[in-house]
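Source file: work23.pdb (PDB, C-alpha atoms)
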```pdb
ATOM      1  CA  MET A   1      41.038-191.772-148.296
ATOM      2  CA  VAL A   2      43.873-191.898-145.753
ATOM      3  CA  ASP A   3      43.886-194.809-143.293
ATOM      4  CA  MET A   4      45.237-193.325-140.071
ATOM      5  CA  LYS A   5      44.858-196.569-138.108
ATOM      6  CA  ILE A   6      48.398-197.514-139.139
ATOM      7  CA  TRP A   7      49.731-194.669-136.990
ATOM      8  CA  THR A   8      49.805-196.255-133.530
ATOM      9  CA  GLY A   9      52.447-196.639-130.846
ATOM     10  CA  ARG A  10      53.593-195.926-127.329
ATOM     11  CA  VAL A  11      52.029-193.047-125.397
ATOM     12  CA  ASP A  12      54.038-191.395-122.608
ATOM     13  CA  ALA A  13      51.158-189.339-121.228
ATOM     14  CA  ALA A  14      52.822-188.729-117.843
ATOM     15  CA  GLU A  15      55.596-186.735-119.528
ATOM     16  CA  GLY A  16      53.283-184.251-121.222
ATOM     17  CA  GLU A  17      53.211-182.642-124.662
ATOM     18  CA  ALA A  18      56.993-182.812-125.073
ATOM     19  CA  ALA A  19      56.857-186.625-125.056
ATOM     20  CA  LYS A  20      55.040-187.033-128.371
ATOM     21  CA  ARG A  21      55.851-189.655-130.959
ATOM     22  CA  TRP A  22      55.184-189.515-134.678
ATOM     23  CA  HIS A  23      51.860-191.335-134.422
ATOM     24  CA  GLN A  24      50.628-188.527-132.159
ATOM     25  CA  ALA A  25      51.828-185.772-134.517
ATOM     26  CA  VAL A  26      50.819-187.034-137.978
ATOM     27  CA  GLN A  27      47.511-185.736-139.320
ATOM     28  CA  PRO A  28      45.559-186.552-142.478
ATOM     29  CA  LEU A  29      46.495-184.034-145.169
ATOM     30  CA  PRO A  30      43.998-181.151-144.787
ATOM     31  CA  GLU A  31      42.525-179.076-147.596
ATOM     32  CA  SER A  32      44.366-176.141-146.087
ATOM     33  CA  GLY A  33      46.968-176.156-143.349
ATOM     34  CA  ALA A  34      50.339-174.847-142.266
ATOM     35  CA  PRO A  35      53.204-175.790-144.607
ATOM     36  CA  GLY A  36      54.615-179.146-143.606
ATOM     37  CA  ILE A  37      55.860-182.536-144.759
ATOM     38  CA  ALA A  38      53.360-184.544-146.787
ATOM     39  CA  ILE A  39      54.000-188.296-146.708
ATOM     40  CA  ILE A  40      52.910-190.058-149.904
ATOM     41  CA  GLY A  41      53.120-193.810-150.390
ATOM     42  CA  PHE A  42      53.814-195.279-153.820
ATOM     43  CA  ALA A  43      52.600-198.858-153.471
ATOM     44  CA  CYS A  44      54.204-200.171-156.630
ATOM     45  CA  ASP A  45      56.807-202.728-157.629
ATOM     46  CA  GLU A  46      55.784-203.204-161.266
ATOM     47  CA  GLY A  47      59.086-201.645-162.311
ATOM     48  CA  VAL A  48      61.005-204.114-160.138
ATOM     49  CA  ARG A  49      59.104-207.017-161.706
ATOM     50  CA  ARG A  50      59.914-205.761-165.191
ATOM     51  CA  ASN A  51      63.562-205.371-164.160
ATOM     52  CA  GLN A  52      63.698-209.041-163.089
ATOM     53  CA  GLY A  53      64.016-208.117-159.416
ATOM     54  CA  ARG A  54      62.485-209.516-156.231
ATOM     55  CA  VAL A  55      58.965-208.112-155.928
ATOM     56  CA  GLY A  56      57.444-206.998-152.638
ATOM     57  CA  ALA A  57      58.296-203.291-152.472
ATOM     58  CA  ALA A  58      54.620-202.429-153.021
ATOM     59  CA  GLY A  59      54.156-203.298-149.354
ATOM     60  CA  GLY A  60      56.877-200.873-148.293
ATOM     61  CA  PRO A  61      54.864-197.704-147.585
ATOM     62  CA  GLN A  62      52.629-199.239-144.940
ATOM     63  CA  VAL A  63      55.450-201.035-143.142
ATOM     64  CA  LEU A  64      57.556-197.875-143.151
ATOM     65  CA  ARG A  65      54.672-195.915-141.646
ATOM     66  CA  LYS A  66      54.553-198.479-138.833
ATOM     67  CA  ALA A  67      58.301-198.098-138.311
ATOM     68  CA  LEU A  68      58.002-194.305-138.206
ATOM     69  CA  ALA A  69      54.958-194.265-135.933
ATOM     70  CA  ASN A  70      56.777-194.953-132.680
ATOM     71  CA  LEU A  71      59.764-192.647-133.248
ATOM     72  CA  ALA A  72      60.158-189.607-131.021
ATOM     73  CA  TYR A  73      58.696-186.422-132.479
ATOM     74  CA  HIS A  74      60.915-183.382-132.123
ATOM     75  CA  PRO A  75      58.894-180.372-133.326
ATOM     76  CA  THR A  76      59.938-179.222-136.784
ATOM     77  CA  LEU A  77      57.398-178.976-139.577
ATOM     78  CA  PRO A  78      53.858-180.370-139.309
ATOM     79  CA  LEU A  79      53.526-183.967-140.490
ATOM     80  CA  TYR A  80      50.734-184.972-142.854
ATOM     81  CA  ASP A  81      49.741-188.277-144.436
ATOM     82  CA  ALA A  82      48.579-187.822-148.024
ATOM     83  CA  GLY A  83      47.751-191.518-148.548
ATOM     84  CA  ASP A  84      48.983-193.933-151.206
ATOM     85  CA  VAL A  85      49.161-194.057-154.957
ATOM     86  CA  ALA A  86      48.947-197.689-156.068
ATOM     87  CA  CYS A  87      49.696-199.668-159.218
ATOM     88  CA  ALA A  88      47.437-202.695-159.000
ATOM     89  CA  ASP A  89      46.774-203.149-162.713
ATOM     90  CA  GLY A  90      50.335-203.252-164.096
ATOM     91  CA  ASP A  91      49.941-199.886-165.845
ATOM     92  CA  LEU A  92      53.132-198.297-164.544
ATOM     93  CA  ALA A  93      52.970-195.176-166.717
ATOM     94  CA  ALA A  94      49.503-194.326-165.412
ATOM     95  CA  ALA A  95      50.582-194.905-161.811
ATOM     96  CA  GLN A  96      53.630-192.661-162.279
ATOM     97  CA  GLN A  97      51.384-189.975-163.744
ATOM     98  CA  ARG A  98      49.064-190.206-160.722
ATOM     99  CA  LEU A  99      52.039-189.951-158.376
ATOM    100  CA  GLY A 100      53.246-186.876-160.250
ATOM    101  CA  GLU A 101      49.831-185.271-159.899
ATOM    102  CA  ARG A 102      49.752-186.004-156.145
ATOM    103  CA  VAL A 103      53.250-184.570-155.690
ATOM    104  CA  ALA A 104      52.328-181.405-157.614
ATOM    105  CA  GLN A 105      49.174-181.013-155.519
ATOM    106  CA  VAL A 106      50.964-181.157-152.170
ATOM    107  CA  ILE A 107      53.616-178.705-153.404
ATOM    108  CA  ALA A 108      50.903-176.317-154.593
ATOM    109  CA  ALA A 109      49.429-176.506-151.073
ATOM    110  CA  GLY A 110      52.788-175.424-149.634
ATOM    111  CA  HIS A 111      54.081-178.796-148.442
ATOM    112  CA  LEU A 112      57.233-180.764-149.126
ATOM    113  CA  PRO A 113      56.605-184.275-150.485
ATOM    114  CA  LEU A 114      58.256-187.211-148.723
ATOM    115  CA  VAL A 115      57.496-190.253-150.856
ATOM    116  CA  LEU A 116      57.811-193.789-149.501
ATOM    117  CA  GLY A 117      58.301-196.359-152.279
ATOM    118  CA  GLY A 118      57.834-198.698-153.936
ATOM    119  CA  GLY A 119      60.551-199.588-156.386
ATOM    120  CA  HIS A 120      62.828-196.972-157.914
ATOM    121  CA  GLU A 121      60.270-196.465-160.664
ATOM    122  CA  THR A 122      58.959-194.081-157.989
ATOM    123  CA  ALA A 123      61.580-191.580-159.150
ATOM    124  CA  TYR A 124      60.083-190.824-162.541
ATOM    125  CA  GLY A 125      56.622-190.216-161.094
ATOM    126  CA  HIS A 126      58.099-188.007-158.381
ATOM    127  CA  TRP A 127      60.061-186.076-161.020
ATOM    128  CA  LEU A 128      56.918-185.453-163.086
ATOM    129  CA  GLY A 129      55.340-183.731-160.091
ATOM    130  CA  LEU A 130      58.424-181.720-159.158
ATOM    131  CA  SER A 131      59.069-180.508-162.692
ATOM    132  CA  ALA A 132      55.414-179.496-163.115
ATOM    133  CA  ALA A 133      55.451-177.621-159.803
ATOM    134  CA  HIS A 134      58.778-175.879-160.510
ATOM    135  CA  PRO A 135      58.808-175.224-164.277
ATOM    136  CA  ASP A 136      61.302-172.381-164.092
ATOM    137  CA  LYS A 137      63.766-173.877-161.621
ATOM    138  CA  ARG A 138      66.932-175.789-162.416
ATOM    139  CA  ILE A 139      66.305-178.993-160.491
ATOM    140  CA  GLY A 140      69.276-181.167-159.611
ATOM    141  CA  VAL A 141      68.777-184.863-158.895
ATOM    142  CA  ILE A 142      70.833-186.403-156.080
ATOM    143  CA  ASN A 143      70.539-190.172-155.933
ATOM    144  CA  PHE A 144      72.074-192.310-153.188
ATOM    145  CA  ASP A 145      72.232-195.603-155.020
ATOM    146  CA  ALA A 146      74.421-198.571-155.844
ATOM    147  CA  HIS A 147      73.064-198.314-159.409
ATOM    148  CA  PHE A 148      72.931-195.518-161.985
ATOM    149  CA  ASP A 149      69.416-196.604-163.066
ATOM    150  CA  LEU A 150      70.133-195.187-166.528
ATOM    151  CA  ARG A 151      69.160-198.302-168.437
ATOM    152  CA  GLU A 152      67.690-198.201-171.906
ATOM    153  CA  ALA A 153      64.753-200.615-172.181
ATOM    154  CA  PRO A 154      61.659-201.162-174.354
ATOM    155  CA  GLU A 155      59.450-200.292-171.380
ATOM    156  CA  ALA A 156      59.952-198.389-168.138
ATOM    157  CA  THR A 157      61.373-200.353-165.209
ATOM    158  CA  SER A 158      62.988-199.675-161.841
ATOM    159  CA  GLY A 159      66.274-199.453-163.746
ATOM    160  CA  THR A 160      65.244-196.704-166.188
ATOM    161  CA  PRO A 161      63.979-193.694-164.159
ATOM    162  CA  PHE A 162      66.963-191.387-164.606
ATOM    163  CA  ALA A 163      67.207-192.130-168.308
ATOM    164  CA  GLN A 164      63.531-191.171-168.459
ATOM    165  CA  ILE A 165      64.213-187.986-166.487
ATOM    166  CA  ALA A 166      67.106-187.126-168.824
ATOM    167  CA  ALA A 167      64.802-187.612-171.822
ATOM    168  CA  ASP A 168      62.117-185.486-170.168
ATOM    169  CA  CYS A 169      64.681-182.722-169.583
ATOM    170  CA  ALA A 170      65.696-182.853-173.249
ATOM    171  CA  ARG A 171      62.064-182.592-174.379
ATOM    172  CA  HIS A 172      61.416-179.543-172.212
ATOM    173  CA  GLY A 173      64.713-177.703-172.659
ATOM    174  CA  ARG A 174      65.951-178.402-169.145
ATOM    175  CA  VAL A 175      69.550-179.166-168.215
ATOM    176  CA  PHE A 176      69.867-182.681-166.778
ATOM    177  CA  ARG A 177      71.830-182.380-163.532
ATOM    178  CA  TYR A 178      72.420-185.759-161.901
ATOM    179  CA  LEU A 179      74.696-186.778-159.029
ATOM    180  CA  CYS A 180      74.728-190.453-158.057
ATOM    181  CA  LEU A 181      76.433-191.263-154.754
ATOM    182  CA  GLY A 182      77.459-194.820-153.858
ATOM    183  CA  VAL A 183      77.788-196.394-157.305
ATOM    184  CA  ALA A 184      79.018-199.991-157.183
ATOM    185  CA  GLU A 185      81.303-200.906-160.076
ATOM    186  CA  THR A 186      80.280-204.534-159.597
ATOM    187  CA  ALA A 187      76.624-203.679-160.261
ATOM    188  CA  ASN A 188      76.976-201.339-163.265
ATOM    189  CA  THR A 189      78.218-202.406-166.684
ATOM    190  CA  GLN A 190      80.667-200.366-168.710
ATOM    191  CA  ALA A 191      77.720-199.414-170.928
ATOM    192  CA  LEU A 192      76.050-197.694-167.954
ATOM    193  CA  PHE A 193      79.219-195.750-167.118
ATOM    194  CA  ASP A 194      79.394-194.712-170.782
ATOM    195  CA  THR A 195      75.767-193.529-170.637
ATOM    196  CA  ALA A 196      76.481-191.565-167.455
ATOM    197  CA  ARG A 197      79.419-189.839-169.143
ATOM    198  CA  ALA A 198      77.376-189.054-172.248
ATOM    199  CA  LEU A 199      74.723-187.390-170.065
ATOM    200  CA  ASN A 200      77.345-185.393-168.112
ATOM    201  CA  ALA A 201      76.243-187.102-164.917
ATOM    202  CA  GLU A 202      78.409-186.944-161.806
ATOM    203  CA  TRP A 203      79.001-189.853-159.473
ATOM    204  CA  ARG A 204      81.023-191.211-156.615
ATOM    205  CA  LEU A 205      81.843-194.881-156.132
ATOM    206  CA  ASP A 206      80.824-196.720-152.986
ATOM    207  CA  THR A 207      84.534-197.286-152.240
ATOM    208  CA  ASP A 208      84.952-193.484-152.100
ATOM    209  CA  MET A 209      82.058-192.968-149.669
ATOM    210  CA  ASN A 210      83.706-193.841-146.369
ATOM    211  CA  GLY A 211      83.479-191.823-143.178
ATOM    212  CA  TRP A 212      87.068-190.547-143.410
ATOM    213  CA  GLN A 213      86.232-189.093-146.847
ATOM    214  CA  LEU A 214      83.285-187.018-145.629
ATOM    215  CA  ALA A 215      85.030-183.662-146.029
ATOM    216  CA  ASP A 216      85.789-184.372-149.692
ATOM    217  CA  ILE A 217      82.268-185.676-150.330
ATOM    218  CA  ARG A 218      80.749-182.608-148.697
ATOM    219  CA  GLY A 219      82.824-180.426-151.003
ATOM    220  CA  GLN A 220      81.513-182.224-154.078
ATOM    221  CA  LEU A 221      77.979-182.019-152.706
ATOM    222  CA  ALA A 222      78.313-178.277-151.992
ATOM    223  CA  GLU A 223      79.429-177.600-155.570
ATOM    224  CA  PHE A 224      76.446-179.511-156.903
ATOM    225  CA  LEU A 225      74.013-177.688-154.593
ATOM    226  CA  ASP A 226      75.439-174.340-155.689
ATOM    227  CA  SER A 227      74.827-175.227-159.339
ATOM    228  CA  VAL A 228      71.048-175.749-159.036
ATOM    229  CA  ASP A 229      67.963-173.893-157.785
ATOM    230  CA  ALA A 230      66.253-176.895-156.200
ATOM    231  CA  VAL A 231      67.088-180.489-155.349
ATOM    232  CA  TYR A 232      65.218-183.751-155.749
ATOM    233  CA  LEU A 233      66.712-186.239-153.281
ATOM    234  CA  THR A 234      66.113-189.931-153.805
ATOM    235  CA  ILE A 235      67.559-192.615-151.536
ATOM    236  CA  ASP A 236      67.607-196.119-152.949
ATOM    237  CA  LEU A 237      67.996-198.181-149.818
ATOM    238  CA  ASP A 238      70.138-200.738-151.640
ATOM    239  CA  VAL A 239      72.973-198.208-151.310
ATOM    240  CA  LEU A 240      73.326-199.387-147.693
ATOM    241  CA  PRO A 241      75.390-202.488-146.823
ATOM    242  CA  ALA A 242      73.350-205.690-146.797
ATOM    243  CA  ALA A 243      73.953-206.053-143.047
ATOM    244  CA  GLN A 244      72.173-202.727-142.490
ATOM    245  CA  MET A 245      69.604-203.139-145.264
ATOM    246  CA  PRO A 246      68.717-206.735-146.135
ATOM    247  CA  ALA A 247      65.210-205.760-147.239
ATOM    248  CA  VAL A 248      65.801-204.764-150.869
ATOM    249  CA  SER A 249      65.710-206.466-154.237
ATOM    250  CA  ALA A 250      69.516-206.270-154.630
ATOM    251  CA  PRO A 251      71.360-206.199-151.265
ATOM    252  CA  ALA A 252      74.791-204.548-151.421
ATOM    253  CA  GLY A 253      77.949-206.564-150.846
ATOM    254  CA  TYR A 254      79.867-203.407-149.913
ATOM    255  CA  GLY A 255      77.566-200.403-149.672
ATOM    256  CA  VAL A 256      77.691-197.013-147.950
ATOM    257  CA  ASP A 257      77.331-196.879-144.183
ATOM    258  CA  ILE A 258      74.072-195.399-142.913
ATOM    259  CA  ALA A 259      75.991-192.818-140.855
ATOM    260  CA  VAL A 260      77.512-191.396-144.053
ATOM    261  CA  VAL A 261      74.189-191.394-145.926
ATOM    262  CA  GLU A 262      72.431-189.711-143.003
ATOM    263  CA  ALA A 263      75.101-187.021-142.628
ATOM    264  CA  LEU A 264      74.969-186.104-146.318
ATOM    265  CA  ALA A 265      71.181-186.305-146.628
ATOM    266  CA  SER A 266      70.854-184.059-143.572
ATOM    267  CA  ARG A 267      73.187-181.555-145.226
ATOM    268  CA  ILE A 268      70.885-181.509-148.255
ATOM    269  CA  ALA A 269      67.819-181.032-146.038
ATOM    270  CA  LYS A 270      69.487-178.100-144.273
ATOM    271  CA  SER A 271      70.394-176.405-147.569
ATOM    272  CA  GLY A 272      66.958-174.892-148.051
ATOM    273  CA  LYS A 273      66.924-176.202-151.632
ATOM    274  CA  LEU A 274      65.184-179.529-151.063
ATOM    275  CA  ALA A 275      62.026-179.676-153.213
ATOM    276  CA  GLY A 276      61.134-183.320-152.597
ATOM    277  CA  ALA A 277      62.599-186.528-151.212
ATOM    278  CA  ASP A 278      61.869-190.224-151.359
ATOM    279  CA  LEU A 279      63.093-193.539-149.982
ATOM    280  CA  VAL A 280      62.663-196.464-152.342
ATOM    281  CA  GLU A 281      63.173-200.196-152.854
ATOM    282  CA  PHE A 282      62.309-201.205-149.272
ATOM    283  CA  ASN A 283      60.912-204.739-149.528
ATOM    284  CA  PRO A 284      59.422-205.980-146.238
ATOM    285  CA  ALA A 285      59.235-209.546-147.570
ATOM    286  CA  PHE A 286      63.016-209.814-147.137
ATOM    287  CA  ASP A 287      63.460-207.939-143.877
ATOM    288  CA  ILE A 288      65.171-209.537-140.867
ATOM    289  CA  ASP A 289      63.767-208.649-137.451
ATOM    290  CA  SER A 290      62.747-205.219-138.855
ATOM    291  CA  HIS A 291      66.410-204.212-139.362
ATOM    292  CA  GLY A 292      65.678-202.699-142.772
ATOM    293  CA  ALA A 293      62.473-200.953-141.690
ATOM    294  CA  LYS A 294      64.269-199.356-138.753
ATOM    295  CA  ALA A 295      67.157-198.154-140.929
ATOM    296  CA  ALA A 296      64.805-196.668-143.526
ATOM    297  CA  ALA A 297      62.670-195.011-140.845
ATOM    298  CA  ARG A 298      65.805-193.518-139.288
ATOM    299  CA  LEU A 299      66.730-191.863-142.584
ATOM    300  CA  ALA A 300      63.203-190.500-143.091
ATOM    301  CA  TRP A 301      63.166-189.226-139.496
ATOM    302  CA  SER A 302      66.539-187.520-139.955
ATOM    303  CA  LEU A 303      65.415-185.763-143.131
ATOM    304  CA  SER A 304      62.307-184.410-141.423
ATOM    305  CA  ARG A 305      64.350-183.291-138.406
ATOM    306  CA  HIS A 306      66.635-181.089-140.496
ATOM    307  CA  LEU A 307      64.265-179.629-143.049
ATOM    308  CA  ARG A 308      64.141-175.895-143.562
ATOM    309  CA  ARG A 309      61.259-174.185-145.399
TER     310      ARG A 309
END
```
Re-express the file's structure as structure tokens.
Amino acid sequence: MVDMKIWTGRVDAAEGEAAKRWHQAVQPLPESGAPGIAIIGFACDEGVRRNQGRVGAAGGPQVLRKALANLAYHPTLPLYDAGDVACADGDLAAAQQRLGERVAQVIAAGHLPLVLGGGHETAYGHWLGLSAAHPDKRIGVINFDAHFDLREAPEATSGTPFAQIAADCARHGRVFRYLCLGVAETANTQALFDTARALNAEWRLDTDMNGWQLADIRGQLAEFLDSVDAVYLTIDLDVLPAAQMPAVSAPAGYGVDIAVVEALASRIAKSGKLAGADLVEFNPAFDIDSHGAKAAARLAWSLSRHLRR
């Protein structure tokens, strides 16, 4: 059941239909409807807890909906709310499986999933749905993140999703195509760089993600896009500088400016290859005057504004 009461905000009735905001455009996901953007919440931070992080990201989806609700709606694709998938019992694997099933369902109905996390354990669940929905496509993973999240661990955490995706690709005869943008050398051990090399991953350091380097970054991004049939875009909000995004488990001491992330994410949305996107690690317990919520909502808004189906 979808709770639409969260979608409230300003109404500019005197300015007519062209003055809508998101809360006036979002509808509950129908059984059948025009292809659009299906918002799915993943109310889970079990992976963050297991990874010894600051819990609270389970509350992210609802707060992000509130932040999106009052943003101006510029007609693009229809907006639908497909509700939340929760992990209240600590069974992360089961929650990821349920998320994968929800993602596959909305894709089968013709929609593009926009998942609001939750910790970065969201990524493996999202991948399960995308890979099931697109079994014959070469799916490339683009991750804006200060961390590779390629850890090896006895159990799944928020630090293991791309290692899990790589293993899933190996099991099913897929090529693992992974581009991580914004990697902080201070936050990734040499062992993680070695793992990335062994998996033929591509990356770009946060120090090489400045505005004056956009042309070079776009070139690298274009080559990656050309090499795959579809793209899974995941934005770990801890890629942003702590001043722009305080509301994460691991705020960045350097980070990648939101203007750079938005420009590149918009380029991906415009490519026509985007199969699914998510924003993860937003933790409202550590937000400051809604700075983090507003930054995350801006990125989600920008993605929706530039999508092509």
Hey, can I get the axis-aligned box for region 164-178 of chain A? All listed atoms, 6 Å padding on each side, centre and edge lengths in Å to one decimal, as lines of an AutoDock Vina configuration file.
```
center_x = 66.9
center_y = -184.4
center_z = -168.1
size_x = 23.0
size_y = 25.5
size_z = 24.5
```
Give me, as a tab-separated table, the closest atom pair and its distance (Å, one decimal) for every residue of region 130-157 of chain A within a cut-off of 9 Å of region 273-293 of chain A, counting all atoms listed in the file, rows sorted by chain and rising number.
```
residue	atom	partner	partner_atom	distance
A:Leu130	CA	A:Ala275	CA	7.2
A:His134	CA	A:Ala275	CA	8.8
A:Ile139	CA	A:Ala275	CA	8.5
```
Long-range neighbours of Val183 (chain A) as an NGL selection string, 6 Å cut-off, only C-alpha atoms, 6 positions minimum in chain: :A and (146-147 or 205-206)
Shell around region 55-69 of chain A at 7 Å using only C-alpha atoms, local window under 2 positions removed, as a list of chain:residue names: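 Near neighbours after the sequence-gap exclusion: A:Ile6, A:Trp7, A:Thr8, A:Gly9, A:Arg21, A:Trp22, A:His23, A:Gly41, A:Phe42, A:Ala43, A:Cys44, A:Asp45, A:Val48, A:Arg49, A:Gly53, A:Leu71, A:Leu116, A:Gly117, A:Gly118, A:Gly119, A:Glu281, A:Phe282, A:Asn283, A:Pro284, A:Ala285, A:Ala293, A:Lys294, A:Ala297.
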Pick from A:Ile142, A:Ala184, A:Val175, A:Ala170, whichever lies nearest to Ala265 (chain A) using all atoms listed in the file: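 Checking each candidate against Ala265 (chain A), we get A:Ile142 as the closest.
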Distance criterion (only C-alpha atoms): nearest to Pro135 (chain A) out of A:Ala104, A:Val239, A:Leu181, A:Ala296: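 That would be A:Ala104, the residue with the smallest distance to Pro135 (chain A).
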Distance criterion (all atoms listed in the file): nearest to Arg218 (chain A) out of A:Leu29, A:Glu121, A:Ala198, A:Val260: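 Of A:Leu29, A:Glu121, A:Ala198, A:Val260, the one nearest Arg218 (chain A), counting all atoms listed in the file, is A:Val260.
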Atomic separation - CA of His120 (chain A) relative to CA of Gly159 (chain A), Å: 7.2 Å
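The shortest atom-to-atom distance to Thr122 (chain A), with all atoms listed in the file taken into account, belongs to A:Asp236 out of A:Thr195, A:Pro30, A:Arg54, A:Asp236.
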Between CA of Leu240 (chain A) and CA of Gly255 (chain A), distance in Å (one decimal): 4.8 Å
Pick from A:Pro28, A:Arg10, A:Trp212, A:Asp229 nearest to Gly272 (chain A), counting all atoms listed in the file: A:Asp229
Of the listed residues A:Val141, A:Leu179, A:Ala153, A:Leu303, that which approaches Leu77 (chain A) most closely, counting only C-alpha atoms: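 Among the listed residues, A:Leu303 lies closest to Leu77 (chain A).
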Shell around Val11 (chain A) at 9 Å using all atoms listed in the file, local window under 4 positions removed, as a PyMOL selection string: chain A and resi 19-21+24+70
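The space separating CA of Phe144 (chain A) from CA of Gly129 (chain A) comes to 20.0 Å.
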Test item: the PyMOL selection byres ((chain A and resi 299) around 10) resolved as a PyMOL selection string: chain A and resi 235+237+258-259+261-263+265-266+279+294-298+300-305
Contacts of Pro161 (chain A) within 12 Å, only C-alpha atoms, excl. fewer than 6 positions in-chain, as JSON, numbers by chain: {"A": [47, 48, 51, 92, 93, 96, 119, 120, 121, 122, 123, 124, 125, 126, 127, 128, 141, 143, 147, 148, 149, 150, 151, 152, 153, 155, 167, 168, 178, 234]}
Taking C-alpha atoms for each residue, export the selection above as a JSON list (two decimals), keeping the file's coordinate frame.
```
[["chain", "number", "residue", "atom", "x", "y", "z"],
["A", 47, "GLY", "CA", 59.09, -201.64, -162.31],
["A", 48, "VAL", "CA", 61.00, -204.11, -160.14],
["A", 51, "ASN", "CA", 63.56, -205.37, -164.16],
["A", 92, "LEU", "CA", 53.13, -198.30, -164.54],
["A", 93, "ALA", "CA", 52.97, -195.18, -166.72],
["A", 96, "GLN", "CA", 53.63, -192.66, -162.28],
["A", 119, "GLY", "CA", 60.55, -199.59, -156.39],
["A", 120, "HIS", "CA", 62.83, -196.97, -157.91],
["A", 121, "GLU", "CA", 60.27, -196.46, -160.66],
["A", 122, "THR", "CA", 58.96, -194.08, -157.99],
["A", 123, "ALA", "CA", 61.58, -191.58, -159.15],
["A", 124, "TYR", "CA", 60.08, -190.82, -162.54],
["A", 125, "GLY", "CA", 56.62, -190.22, -161.09],
["A", 126, "HIS", "CA", 58.10, -188.01, -158.38],
["A", 127, "TRP", "CA", 60.06, -186.08, -161.02],
["A", 128, "LEU", "CA", 56.92, -185.45, -163.09],
["A", 141, "VAL", "CA", 68.78, -184.86, -158.90],
["A", 143, "ASN", "CA", 70.54, -190.17, -155.93],
["A", 147, "HIS", "CA", 73.06, -198.31, -159.41],
["A", 148, "PHE", "CA", 72.93, -195.52, -161.99],
["A", 149, "ASP", "CA", 69.42, -196.60, -163.07],
["A", 150, "LEU", "CA", 70.13, -195.19, -166.53],
["A", 151, "ARG", "CA", 69.16, -198.30, -168.44],
["A", 152, "GLU", "CA", 67.69, -198.20, -171.91],
["A", 153, "ALA", "CA", 64.75, -200.62, -172.18],
["A", 155, "GLU", "CA", 59.45, -200.29, -171.38],
["A", 167, "ALA", "CA", 64.80, -187.61, -171.82],
["A", 168, "ASP", "CA", 62.12, -185.49, -170.17],
["A", 178, "TYR", "CA", 72.42, -185.76, -161.90],
["A", 234, "THR", "CA", 66.11, -189.93, -153.80]]
```
Picked residues, the PyMOL selection byres ((chain A and resi 252) around 7), expected as a PyMOL selection string: chain A and resi 238-242+250-251+253-255
Contacts of Gln105 (chain A) at 9 Å (all atoms listed in the file; same-chain gap of 5+ positions) as a ChimeraX atom specification: /A:100,110-111,129,133
Selection under test: the PyMOL selection byres ((chain A and resi 222-224) around 10); residues as number ranges by chain: A: 140-142, 177-179, 202, 216-221, 225-228, 231, 267-268, 271
Export, as a PDB file, in the coordinates of the input, the selected residues with C-alpha atoms.
```
ATOM      1  CA  GLY A 140      69.276-181.167-159.611  1.00  0.00           C
ATOM      2  CA  VAL A 141      68.777-184.863-158.895  1.00  0.00           C
ATOM      3  CA  ILE A 142      70.833-186.403-156.080  1.00  0.00           C
ATOM      4  CA  ARG A 177      71.830-182.380-163.532  1.00  0.00           C
ATOM      5  CA  TYR A 178      72.420-185.759-161.901  1.00  0.00           C
ATOM      6  CA  LEU A 179      74.696-186.778-159.029  1.00  0.00           C
ATOM      7  CA  GLU A 202      78.409-186.944-161.806  1.00  0.00           C
ATOM      8  CA  ASP A 216      85.789-184.372-149.692  1.00  0.00           C
ATOM      9  CA  ILE A 217      82.268-185.676-150.330  1.00  0.00           C
ATOM     10  CA  ARG A 218      80.749-182.608-148.697  1.00  0.00           C
ATOM     11  CA  GLY A 219      82.824-180.426-151.003  1.00  0.00           C
ATOM     12  CA  GLN A 220      81.513-182.224-154.078  1.00  0.00           C
ATOM     13  CA  LEU A 221      77.979-182.019-152.706  1.00  0.00           C
ATOM     14  CA  LEU A 225      74.013-177.688-154.593  1.00  0.00           C
ATOM     15  CA  ASP A 226      75.439-174.340-155.689  1.00  0.00           C
ATOM     16  CA  SER A 227      74.827-175.227-159.339  1.00  0.00           C
ATOM     17  CA  VAL A 228      71.048-175.749-159.036  1.00  0.00           C
ATOM     18  CA  VAL A 231      67.088-180.489-155.349  1.00  0.00           C
ATOM     19  CA  ARG A 267      73.187-181.555-145.226  1.00  0.00           C
ATOM     20  CA  ILE A 268      70.885-181.509-148.255  1.00  0.00           C
ATOM     21  CA  SER A 271      70.394-176.405-147.569  1.00  0.00           C
TER      22      SER A 271
END
```
